[in-house]
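work17.txt follows (compact mmCIF, C-alpha atoms):
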```txt
# COMPACT_ATOMS: atom_id res chain seq x y z
CA MET A 6 25.02 14.91 -8.80
CA THR A 7 23.71 17.38 -11.33
CA THR A 8 20.44 17.82 -9.47
CA ALA A 9 22.17 19.42 -6.51
CA THR A 10 23.31 22.34 -8.63
CA LEU A 11 19.88 23.12 -10.00
CA ASN A 12 17.76 25.84 -8.50
CA ALA A 13 14.21 24.99 -7.51
CA SER A 14 12.96 27.47 -10.09
CA ASP A 15 14.82 25.66 -12.90
CA TRP A 16 13.46 22.27 -12.03
CA ARG A 17 10.31 20.84 -13.57
CA ASP A 18 8.65 17.63 -12.46
CA GLY A 19 8.94 15.44 -15.54
CA LYS A 20 6.25 13.13 -14.20
CA ARG A 21 3.76 15.91 -13.40
CA TYR A 22 1.28 15.00 -16.14
CA LEU A 23 2.10 11.30 -16.18
CA TRP A 24 0.35 11.04 -12.80
CA LEU A 25 -2.92 11.60 -14.67
CA LEU A 26 -2.54 8.00 -15.87
CA GLY A 27 -3.44 6.93 -12.33
CA ILE A 28 -6.88 8.46 -12.95
CA ALA A 29 -7.21 7.12 -16.49
CA VAL A 30 -6.51 3.53 -15.46
CA MET A 31 -9.66 3.54 -13.29
CA GLY A 32 -11.80 3.65 -16.43
CA LEU A 33 -10.09 0.78 -18.29
CA PRO A 34 -13.08 -1.60 -18.21
CA ILE A 35 -15.32 1.15 -19.65
CA TYR A 36 -12.93 2.03 -22.51
CA SER A 37 -12.50 -1.67 -23.21
CA PHE A 38 -16.25 -2.07 -23.51
CA LEU A 39 -16.45 0.87 -25.93
CA LEU A 40 -13.72 -0.75 -28.04
CA PHE A 41 -15.67 -4.00 -27.97
CA ARG A 42 -18.79 -2.21 -29.19
CA TRP A 43 -16.80 -0.48 -31.91
CA THR A 44 -14.85 -3.49 -33.16
CA GLY A 45 -16.99 -6.43 -32.09
CA LEU A 46 -13.85 -8.19 -30.83
CA GLY A 47 -14.60 -10.22 -27.69
CA ILE A 48 -10.99 -10.01 -26.52
CA PHE A 49 -11.75 -6.50 -25.25
CA TRP A 50 -13.70 -7.97 -22.32
CA TRP A 51 -10.25 -9.04 -21.09
CA ALA A 52 -8.39 -5.86 -22.02
CA THR A 53 -7.88 -4.68 -18.41
CA PRO A 54 -5.92 -7.77 -17.25
CA ILE A 55 -4.03 -7.68 -20.57
CA VAL A 56 -2.96 -4.09 -19.85
CA VAL A 57 -2.06 -4.73 -16.19
CA TYR A 58 -0.37 -8.11 -16.65
CA GLY A 59 0.94 -7.59 -20.17
CA LEU A 60 1.35 -4.02 -21.38
CA ILE A 61 2.57 -2.41 -18.15
CA PRO A 62 5.32 -5.04 -17.56
CA LEU A 63 6.24 -4.66 -21.25
CA PHE A 64 6.51 -0.88 -20.89
CA ASP A 65 8.56 -1.39 -17.71
CA ARG A 66 10.97 -3.36 -19.84
CA LEU A 67 10.99 -0.97 -22.78
CA ILE A 68 11.09 2.31 -20.86
CA GLY A 69 13.19 1.01 -18.00
CA GLU A 70 14.03 2.74 -14.77
CA ASP A 71 13.80 6.33 -13.68
CA GLU A 72 16.17 6.98 -10.80
CA ALA A 73 15.86 10.77 -10.76
CA ASN A 74 14.93 12.59 -7.57
CA PRO A 75 13.66 16.16 -7.29
CA PRO A 76 16.36 18.51 -5.95
CA ASP A 77 16.05 19.10 -2.20
CA SER A 78 15.39 22.79 -2.81
CA ALA A 79 12.25 21.93 -4.82
CA MET A 80 10.80 19.50 -2.26
CA ALA A 81 8.81 21.92 -0.12
CA ALA A 82 7.03 23.50 -3.10
CA LEU A 83 6.46 20.08 -4.66
CA ALA A 84 4.92 18.71 -1.46
CA ALA A 85 2.69 21.77 -1.05
CA ASP A 86 1.40 21.81 -4.65
CA ARG A 87 -2.33 21.01 -4.42
CA TYR A 88 -2.35 19.68 -7.98
CA TYR A 89 -0.95 16.37 -6.75
CA ARG A 90 -3.73 15.99 -4.19
CA TYR A 91 -6.43 16.63 -6.82
CA VAL A 92 -4.88 14.04 -9.12
CA VAL A 93 -5.50 11.43 -6.42
CA PHE A 94 -9.01 12.69 -5.59
CA ALA A 95 -9.99 12.58 -9.26
CA ALA A 96 -9.41 8.83 -9.48
CA ILE A 97 -12.35 8.15 -7.15
CA PRO A 98 -15.30 9.29 -9.33
CA LEU A 99 -13.99 7.20 -12.24
CA GLN A 100 -13.43 4.25 -9.90
CA TYR A 101 -17.09 4.47 -8.82
CA ALA A 102 -18.27 4.91 -12.41
CA THR A 103 -16.50 1.68 -13.37
CA PHE A 104 -17.87 -0.17 -10.35
CA VAL A 105 -21.48 0.95 -10.90
CA TRP A 106 -21.37 0.50 -14.67
CA GLY A 107 -19.66 -2.90 -14.38
CA THR A 108 -22.21 -4.21 -11.91
CA TYR A 109 -25.07 -2.88 -14.05
CA MET A 110 -23.60 -4.55 -17.14
CA ALA A 111 -23.00 -7.84 -15.33
CA VAL A 112 -26.64 -8.04 -14.23
CA THR A 113 -28.47 -6.58 -17.23
CA GLY A 114 -26.05 -7.07 -20.16
CA GLY A 115 -27.01 -10.65 -21.05
CA LEU A 116 -23.32 -11.55 -21.15
CA ALA A 117 -21.83 -14.90 -22.10
CA TRP A 118 -19.96 -16.57 -19.24
CA TRP A 119 -16.54 -15.63 -20.61
CA GLU A 120 -17.64 -12.02 -21.07
CA TRP A 121 -18.98 -11.89 -17.50
CA THR A 122 -15.74 -13.41 -16.22
CA GLY A 123 -13.64 -10.89 -18.14
CA LEU A 124 -15.78 -8.10 -16.73
CA VAL A 125 -15.54 -9.24 -13.10
CA VAL A 126 -11.75 -9.62 -13.38
CA SER A 127 -11.48 -6.18 -15.02
CA VAL A 128 -13.65 -4.34 -12.50
CA GLY A 129 -11.89 -6.23 -9.69
CA MET A 130 -8.52 -5.04 -10.91
CA THR A 131 -9.58 -1.39 -10.96
CA SER A 132 -10.96 -1.86 -7.45
CA GLY A 133 -7.60 -3.33 -6.44
CA LEU A 134 -5.78 -0.35 -7.95
CA ALA A 135 -8.16 1.87 -5.98
CA ILE A 136 -6.73 0.42 -2.75
CA ASN A 137 -3.56 2.22 -3.80
CA VAL A 138 -5.59 5.44 -4.01
CA GLY A 139 -7.00 4.72 -0.55
CA HIS A 140 -3.46 4.03 0.65
CA GLU A 141 -2.18 7.40 -0.52
CA LEU A 142 -5.14 9.25 1.00
CA GLY A 143 -5.09 7.23 4.23
CA HIS A 144 -1.55 8.42 4.94
CA GLN A 145 -2.56 12.06 4.83
CA THR A 146 -3.52 13.91 7.97
CA HIS A 147 -6.30 16.11 6.56
CA PRO A 148 -9.77 14.83 7.61
CA LEU A 149 -11.22 15.10 4.08
CA GLU A 150 -8.45 12.96 2.62
CA ARG A 151 -8.75 10.42 5.41
CA TRP A 152 -12.50 10.21 4.81
CA LEU A 153 -11.98 9.79 1.06
CA ALA A 154 -9.62 6.91 1.83
CA LYS A 155 -12.58 5.03 3.34
CA VAL A 156 -14.69 5.91 0.28
CA ALA A 157 -12.03 4.52 -2.10
CA LEU A 158 -11.80 1.30 -0.06
CA ALA A 159 -15.57 0.69 0.00
CA PRO A 160 -16.21 -0.97 -3.40
CA VAL A 161 -13.36 -3.42 -2.76
CA MET A 162 -14.60 -4.29 0.77
CA TYR A 163 -11.20 -3.40 2.23
CA GLY A 164 -12.18 -0.95 4.95
CA HIS A 165 -9.95 -2.64 7.54
CA PHE A 166 -6.93 -1.54 5.48
CA TYR A 167 -7.54 2.05 6.64
CA THR A 168 -6.73 1.08 10.24
CA GLU A 169 -4.39 -1.85 9.79
CA HIS A 170 -2.07 -0.32 7.24
CA ASN A 171 -1.01 2.73 9.25
CA ARG A 172 -1.21 1.47 12.80
CA GLY A 173 -0.47 -2.21 12.15
CA HIS A 174 1.66 -2.70 9.06
CA HIS A 175 3.77 0.46 9.40
CA VAL A 176 4.56 -0.34 13.03
CA ARG A 177 5.37 -4.02 12.55
CA VAL A 178 6.69 -4.01 9.00
CA ALA A 179 9.40 -6.58 8.24
CA THR A 180 8.82 -8.52 11.45
CA PHE A 181 7.47 -11.99 12.05
CA GLU A 182 4.42 -10.42 13.74
CA ASP A 183 3.28 -8.46 10.69
CA PRO A 184 0.63 -10.33 8.69
CA ALA A 185 1.46 -8.21 5.61
CA SER A 186 5.21 -8.98 5.53
CA SER A 187 5.86 -12.15 3.56
CA ARG A 188 8.37 -14.74 4.73
CA PHE A 189 11.20 -16.45 2.88
CA GLY A 190 9.90 -19.75 1.46
CA GLU A 191 6.26 -18.72 1.83
CA THR A 192 4.28 -18.95 -1.42
CA PHE A 193 1.79 -16.23 -2.36
CA TYR A 194 -0.99 -18.78 -1.82
CA GLU A 195 0.12 -19.38 1.78
CA PHE A 196 0.63 -15.66 2.35
CA LEU A 197 -2.78 -14.56 1.04
CA PRO A 198 -5.07 -16.19 3.66
CA ARG A 199 -2.60 -15.52 6.49
CA CYS A 200 -2.38 -11.85 5.55
CA VAL A 201 -6.12 -11.25 5.03
CA TYR A 202 -7.12 -13.01 8.26
CA GLY A 203 -4.29 -11.48 10.26
CA SER A 204 -4.96 -7.97 8.95
CA ILE A 205 -8.70 -8.03 9.67
CA THR A 206 -8.27 -9.39 13.21
CA SER A 207 -5.46 -6.92 13.87
CA ALA A 208 -7.54 -3.97 12.60
CA TRP A 209 -10.35 -5.04 14.92
CA GLN A 210 -8.05 -5.30 17.95
CA LEU A 211 -6.40 -1.94 17.21
CA GLU A 212 -9.76 -0.17 17.17
CA LYS A 213 -10.98 -2.11 20.22
CA LYS A 214 -7.95 -0.96 22.21
CA ARG A 215 -8.16 2.63 20.99
CA LEU A 216 -11.86 2.91 21.81
CA GLU A 217 -11.48 1.21 25.21
CA LYS A 218 -8.90 3.85 26.11
CA GLN A 219 -11.58 6.43 25.41
CA GLY A 220 -14.09 4.47 27.48
CA LYS A 221 -16.10 3.42 24.42
CA SER A 222 -17.31 0.07 23.15
CA VAL A 223 -15.73 -1.53 20.10
CA TRP A 224 -19.21 -1.29 18.54
CA SER A 225 -19.08 2.51 18.81
CA ILE A 226 -19.91 4.60 15.73
CA ASP A 227 -16.36 5.97 16.08
CA ASN A 228 -14.89 2.58 15.13
CA ASP A 229 -13.03 3.27 11.87
CA ASN A 230 -13.51 -0.33 10.73
CA LEU A 231 -17.27 -0.17 11.23
CA GLN A 232 -17.42 3.20 9.47
CA ALA A 233 -15.46 1.93 6.48
CA TRP A 234 -17.34 -1.38 6.26
CA GLY A 235 -20.58 0.58 6.69
CA ILE A 236 -19.91 2.46 3.44
CA THR A 237 -19.45 -0.91 1.69
CA LEU A 238 -22.72 -2.24 3.15
CA ALA A 239 -24.63 0.89 2.12
CA LEU A 240 -23.13 0.83 -1.38
CA PHE A 241 -23.74 -2.88 -1.95
CA GLY A 242 -27.23 -2.56 -0.43
CA VAL A 243 -28.25 0.27 -2.77
CA MET A 244 -26.84 -1.60 -5.77
CA ALA A 245 -28.70 -4.80 -4.82
CA ILE A 246 -31.98 -2.92 -4.34
CA TRP A 247 -31.53 -1.27 -7.73
CA LEU A 248 -30.28 -4.27 -9.73
CA GLY A 249 -31.53 -7.23 -7.73
CA PRO A 250 -29.68 -9.96 -5.82
CA TRP A 251 -27.52 -11.01 -8.81
CA ALA A 252 -25.53 -7.83 -8.30
CA LEU A 253 -24.18 -9.32 -5.06
CA PRO A 254 -22.07 -12.22 -6.39
CA PHE A 255 -20.54 -9.87 -8.97
CA MET A 256 -19.72 -7.18 -6.40
CA ILE A 257 -18.32 -9.67 -3.89
CA LEU A 258 -16.21 -11.50 -6.48
CA GLN A 259 -14.76 -8.28 -7.94
CA GLY A 260 -13.94 -7.18 -4.38
CA ALA A 261 -12.12 -10.46 -3.69
CA ILE A 262 -10.16 -10.08 -6.94
CA GLY A 263 -9.27 -6.49 -6.05
CA GLY A 264 -8.17 -7.51 -2.56
CA SER A 265 -5.99 -10.29 -3.94
CA LEU A 266 -4.29 -7.78 -6.25
CA LEU A 267 -3.39 -5.59 -3.27
CA GLU A 268 -2.15 -8.60 -1.32
CA VAL A 269 0.10 -9.82 -4.11
CA VAL A 270 1.72 -6.38 -4.05
CA ASN A 271 2.05 -6.66 -0.27
CA TYR A 272 3.66 -10.05 -0.82
CA LEU A 273 6.52 -8.65 -2.86
CA GLU A 274 7.19 -5.49 -0.87
CA HIS A 275 9.03 -7.01 2.10
CA TYR A 276 9.66 -10.64 1.11
CA GLY A 277 12.13 -12.28 3.52
CA LEU A 278 13.37 -8.98 4.95
CA MET A 279 13.48 -8.58 8.72
CA ARG A 280 14.20 -5.96 11.33
CA GLN A 281 16.52 -7.20 14.07
CA LYS A 282 15.71 -7.10 17.77
CA LYS A 283 17.71 -4.72 19.93
CA ALA A 284 19.14 -5.65 23.33
CA ASP A 285 16.01 -4.25 25.04
CA GLY A 286 13.82 -6.70 23.12
CA ASN A 287 12.29 -4.07 20.82
CA TYR A 288 12.79 -4.16 17.08
CA GLU A 289 15.23 -1.77 15.46
CA ARG A 290 13.54 1.05 13.56
CA CYS A 291 12.29 0.40 10.09
CA GLN A 292 15.13 1.31 7.75
CA PRO A 293 15.49 1.63 3.99
CA HIS A 294 16.88 -1.91 3.67
CA HIS A 295 13.61 -3.38 5.00
CA SER A 296 11.65 -2.88 1.76
CA TRP A 297 12.02 -4.02 -1.84
CA ASN A 298 12.09 -1.20 -4.36
CA SER A 299 11.80 -0.61 -8.05
CA ASN A 300 12.33 2.46 -10.21
CA HIS A 301 10.54 1.09 -13.24
CA LEU A 302 8.75 4.11 -14.61
CA ALA A 303 5.62 2.57 -16.11
CA THR A 304 4.46 0.84 -12.92
CA ASN A 305 5.53 3.81 -10.79
CA VAL A 306 3.27 6.29 -12.55
CA PHE A 307 0.27 3.96 -12.25
CA LEU A 308 0.93 3.32 -8.55
CA TYR A 309 1.85 6.81 -7.30
CA HIS A 310 5.51 5.88 -6.68
CA LEU A 311 4.51 2.99 -4.41
CA GLN A 312 7.60 1.13 -5.59
CA ARG A 313 9.81 3.72 -3.93
CA HIS A 314 8.83 1.79 -0.89
CA SER A 315 11.80 2.32 1.40
CA ASP A 316 11.32 6.08 1.41
CA HIS A 317 7.61 5.54 2.01
CA HIS A 318 8.26 3.46 5.12
CA ALA A 319 10.95 5.79 6.37
CA TYR A 320 8.66 8.83 5.96
CA PRO A 321 5.07 7.55 5.83
CA THR A 322 3.43 10.97 5.53
CA ARG A 323 5.62 11.98 2.58
CA SER A 324 3.39 12.63 -0.46
CA PHE A 325 3.82 10.34 -3.44
CA GLN A 326 5.32 12.96 -5.77
CA THR A 327 8.23 13.58 -3.40
CA LEU A 328 9.27 9.95 -2.78
CA ARG A 329 12.92 9.36 -3.57
CA ASN A 330 15.18 6.70 -4.92
CA PHE A 331 18.37 5.88 -2.96
CA ASP A 332 21.44 3.94 -3.90
CA GLY A 333 22.06 0.57 -2.32
CA LEU A 334 18.43 -0.32 -1.57
CA PRO A 335 17.07 -3.85 -2.01
CA ARG A 336 15.91 -3.84 -5.62
CA LEU A 337 13.47 -6.04 -7.45
CA PRO A 338 14.57 -7.37 -10.84
CA SER A 339 11.47 -5.86 -12.47
CA GLY A 340 8.60 -3.48 -11.72
CA TYR A 341 5.78 -4.59 -9.43
CA ALA A 342 3.56 -5.39 -12.43
CA GLY A 343 6.03 -7.96 -13.71
CA MET A 344 6.88 -9.28 -10.23
CA ILE A 345 3.18 -9.97 -9.60
CA LEU A 346 3.26 -12.52 -12.42
CA ALA A 347 6.27 -14.20 -10.86
CA ALA A 348 4.54 -14.24 -7.45
CA TYR A 349 1.65 -16.21 -8.97
CA LEU A 350 4.15 -18.93 -9.96
CA PRO A 351 5.97 -19.91 -6.73
CA PRO A 352 8.84 -21.89 -8.35
CA LEU A 353 9.66 -18.90 -10.56
CA TRP A 354 9.32 -16.51 -7.61
CA PHE A 355 11.67 -18.55 -5.45
CA ARG A 356 14.18 -18.83 -8.28
CA LEU A 357 14.18 -15.07 -8.83
CA MET A 358 13.93 -13.84 -5.27
CA ASN A 359 15.49 -16.39 -2.90
CA PRO A 360 19.04 -15.80 -4.18
CA ARG A 361 18.46 -12.05 -3.77
CA VAL A 362 17.37 -12.47 -0.15
CA VAL A 363 20.32 -14.75 0.60
CA ALA A 364 22.73 -12.29 -1.03
CA HIS A 365 21.13 -9.42 0.90
CA PHE A 366 21.96 -11.15 4.18
CA GLY A 367 25.34 -12.36 2.96
CA GLY A 368 24.23 -15.95 3.55
CA ASP A 369 23.44 -15.37 7.24
CA MET A 370 19.82 -16.41 7.04
CA GLN A 371 19.34 -16.14 10.81
CA LEU A 372 18.71 -12.48 9.98
CA ALA A 373 15.89 -13.24 7.54
CA ASN A 374 12.13 -13.54 8.04
CA ILE A 375 11.61 -17.21 7.18
CA LYS A 376 8.56 -19.46 7.13
CA PRO A 377 8.75 -21.26 10.52
CA ALA A 378 8.41 -24.80 9.13
CA ILE A 379 11.62 -24.45 7.12
CA ARG A 380 13.54 -21.91 9.20
CA GLN A 381 16.14 -24.22 10.74
CA ARG A 382 16.74 -26.05 7.49
CA VAL A 383 17.22 -22.82 5.51
CA ILE A 384 19.63 -21.37 8.08
CA ALA A 385 21.69 -24.58 8.12
CA GLU A 386 21.66 -24.93 4.35
CA TYR A 387 23.07 -21.48 3.64
CA ALA A 388 25.44 -21.50 6.61
CA ALA A 389 26.94 -24.69 5.15
CA SER A 390 27.23 -23.21 1.65
CA ALA A 391 28.76 -19.98 2.98
CA ALA A 392 31.37 -21.86 5.04
CA MET B 19 4.17 17.44 31.35
CA LYS B 20 2.26 16.72 28.16
CA LYS B 21 1.76 13.81 25.83
CA TRP B 22 2.05 13.93 22.06
CA GLN B 23 0.50 11.41 19.73
CA CYS B 24 1.61 10.24 16.28
CA LEU B 25 -1.10 10.89 13.69
CA VAL B 26 0.00 7.91 11.63
CA CYS B 27 0.27 5.07 14.13
CA ASP B 28 -0.94 6.41 17.52
CA PHE B 29 2.47 6.10 19.23
CA VAL B 30 2.50 8.39 22.26
CA TYR B 31 5.50 10.46 23.35
CA ASP B 32 5.17 11.14 27.07
CA GLU B 33 7.30 14.10 28.18
CA ALA B 34 7.48 12.70 31.71
CA LYS B 35 8.97 9.43 30.51
CA GLY B 36 11.04 10.66 27.58
CA LEU B 37 12.64 7.98 25.43
CA PRO B 38 15.85 7.01 27.26
CA GLU B 39 16.65 4.26 24.72
CA GLU B 40 16.79 6.97 22.04
CA GLY B 41 18.84 9.35 24.15
CA ILE B 42 15.89 11.55 25.15
CA ALA B 43 15.92 11.92 28.93
CA PRO B 44 12.74 11.70 31.05
CA GLY B 45 11.22 15.14 31.42
CA THR B 46 12.35 16.35 27.98
CA ARG B 47 9.72 18.75 26.74
CA TRP B 48 8.31 18.31 23.25
CA GLU B 49 9.89 21.51 21.95
CA ASP B 50 13.28 20.21 23.05
CA VAL B 51 12.96 16.95 21.10
CA PRO B 52 15.18 17.35 18.00
CA GLU B 53 13.38 18.37 14.80
CA SER B 54 15.07 15.46 13.02
CA TRP B 55 13.54 12.98 15.46
CA THR B 56 10.94 10.65 13.96
CA CYS B 57 8.32 8.32 15.40
CA PRO B 58 10.11 5.22 16.74
CA ASP B 59 7.26 2.96 15.64
CA CYS B 60 6.44 4.14 12.13
CA GLY B 61 8.92 6.86 11.17
CA ALA B 62 6.45 9.76 10.91
CA ALA B 63 8.03 13.21 11.26
CA LYS B 64 7.88 15.25 14.46
CA SER B 65 5.42 17.57 12.69
CA ASP B 66 3.02 14.63 12.32
CA PHE B 67 2.39 14.56 16.08
CA ILE B 68 -0.46 16.31 17.87
CA MET B 69 -0.86 17.09 21.56
CA GLU B 70 -3.02 14.54 23.31
CA GLU B 71 -5.82 15.52 25.68
CA VAL B 72 -4.59 15.40 29.27
CA ALA B 73 -6.51 12.55 30.84
```
Starting from the file, lay out its structure as structure tokens.
Amino acid sequence: MTTATLNASDWRDGKRYLWLLGIAVMGLPIYSFLLFRWTGLGIFWWATPIVVYGLIPLFDRLIGEDEANPPDSAMAALAADRYYRYVVFAAIPLQYATFVWGTYMAVTGGLAWWEWTGLVVSVGMTSGLAINVGHELGHQTHPLERWLAKVALAPVMYGHFYTEHNRGHHVRVATFEDPASSRFGETFYEFLPRCVYGSITSAWQLEKKRLEKQGKSVWSIDNDNLQAWGITLALFGVMAIWLGPWALPFMILQGAIGGSLLEVVNYLEHYGLMRQKKADGNYERCQPHHSWNSNHLATNVFLYHLQRHSDHHAYPTRSFQTLRNFDGLPRLPSGYAGMILAAYLPPLWFRLMNPRVVAHFGGDMQLANIKPAIRQRVIAEYAASAA
Amino acid sequence: MKKWQCLVCDFVYDEAKGLPEEGIAPGTRWEDVPESWTCPDCGAAKSDFIMEEVA
């Protein structure tokens, strides 16, 4: 390893300024509109999904993977550098600008149906990317950052994520009980409603239990879900008073699109992987081989290293800039942006991913997290082919 | 005997109970829990725990 011989003072974070792209991406629908005004080309109403579903996967392919880790000696300074916190904060004003402008344009712009549709998909996608901002902030322990996490989750109506992700998903990840861990043989379209319903009910129960322990009602003002949803209600209420009731279907639809973007990422992060139960009936600790990873650079800089997912689950309070790649981790064949497209097409997803899951478990599918309806059949099928 | 709570997932380490399944005997004080120890539920570092109010 050459990195081990470097001194901290010699090392520079090559991605330092690339992280600014995570801010820039929040304004995509606005830049697209300016390009539309400039060129008159209607395609620009759809530029955001073209970038996310087309250009980023293409760049993942062209640029490839970045496996480099900062040297251990540089970690402490890298983690303490406030610059990286401000980069995340700065995404929020642009996220709100896009949300407010998009809703205004949808109501007052006199748009054709295909322009309106392009706009709602575009704004929804930036809202979905903002869940990643809320995710990064929600893992921090400083009260300001935790509060900003709720702010980032408000336009996308995903306030429950604040509670459920840390205290639900991180605790139960890669188990049958986790709504946000997808199962072998489960399509994205089966996963989506199960995950959304399971996550919201779990977030509610977690807060109910926590508040009961403090002798408070679940309807207390201290309920993190109610606080986070309250910001959404206030925001949507103000927008509807300003722009009229037609703002509501736009805001709700963009929120649903944003939520579905987060859930498709959830779908691919732990597909089929499972923690085993110990003799005492508890699950083994979450380990690096319980998450799918990718080192594709283009997606990583837009998602604050979210694809270095094993390190994130092993050390959930580790800041994004310090997340590391390790050898021998479960690896996706492409970056998240490309894998999302595969997840939308279940036959393609199964063809790409099922052999990887089977190989990961060496054919012993009793160790995998499998959709219950097909569990016995899958175990028998691969046991027979392994024998 | 004190209790310490994980800031990420709310797991509680109770000094009186320890964590025998992880080799930490009942009565082990927080300062004697190894620095490399992490939250058994979510993996947060020892430094991500705060002392809980004594009920």
Please, which residues of chain A lie no more than 8 Å from chain B when the count uses all atoms listed in the file, and can they be set out as a VMD selection string? chain A and resid 144 146 171 to 173 175 to 177 290 to 291 318 to 322
Could you tell me how far atom CA of A:Leu258 sits from atom CA of A:Ser204, in Å to one decimal place?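 Atom CA of A:Leu258 lies at a distance of 19.4 Å from atom CA of A:Ser204.
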Between B:Leu37, B:Val30, B:Ile42, B:Met19, which is the closest to B:Ile68 once you count all atoms listed in the file? B:Val30
I'd like the neighbourhood of stretch 369-377 of chain A as a ChimeraX atom specification, where a residue qualifies if any of its atoms comes within 8 Å (using all atoms listed in the file), though same-chain residues fewer than 4 positions away should be ignored. /A:179-181,187-191,276-279,281,362-363,381,383-384,387-388
Atom CA of A:Asp86 to atom CA of A:Gln326, distance in Å rounded to a single decimal: 9.7 Å
Got a sec: who's within 9 Å of stretch 162-165 of chain A, counting all atoms listed in the file, leaving out chain neighbours fewer than 5 positions off, as a list in words?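 Using all atoms listed in the file, the neighbours found are Ile136, Ala154, Lys155, Val156, Ala157, His170, Ser204, Ile205, Thr206, Ser207, Ala208, Trp209, Asp229, Asn230, Leu231, Gln232, Ala233, Trp234, Gly235, Ile236, Thr237, Leu238, Ile257, Gly260, Ala261, Gly263 and Gly264 of chain A.
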List every protein, DNA or RNA residue that has an atom no more than 7 Å from (4.7, -10.1, -4.2) in the file's coordinate frame, counting only C-alpha atoms, and report them as number ranges by chain. A: 269-274, 344-345, 348
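Near A:Trp121, within a cut-off of 9 Å and counting only C-alpha atoms, sit the residues Trp50, Met110, Ala111, Gly114, Gly115, Leu116, Ala117, Val125, Val126 and Phe255 of chain A, with same-chain residues fewer than 4 positions away left out.
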Shell around A:Thr192 at 7 Å using all atoms listed in the file, local window under 3 positions removed, as a list in words: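 What passes the distance filter is Glu195, Phe196 and Pro351 of chain A.
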Let me see the file: selected residues, C-alpha atoms, as a tab-separated table (two decimals), in the coordinates of the input.
```
chain	number	residue	atom	x	y	z
A	195	GLU	CA	0.12	-19.38	1.78
A	196	PHE	CA	0.63	-15.66	2.35
A	351	PRO	CA	5.97	-19.91	-6.73
```
Length of the atom CA of A:Gln210 to atom CA of A:Gly139 vector [Å]: 21.1 Å
Can you tell me, as a PyMOL selection string, what residues are no more than 12 Å from B:Gly36 when counting only C-alpha atoms, ignoring any on the same chain fewer than 3 positions away? chain B and resi 19-22+30-33+39-48+50-51
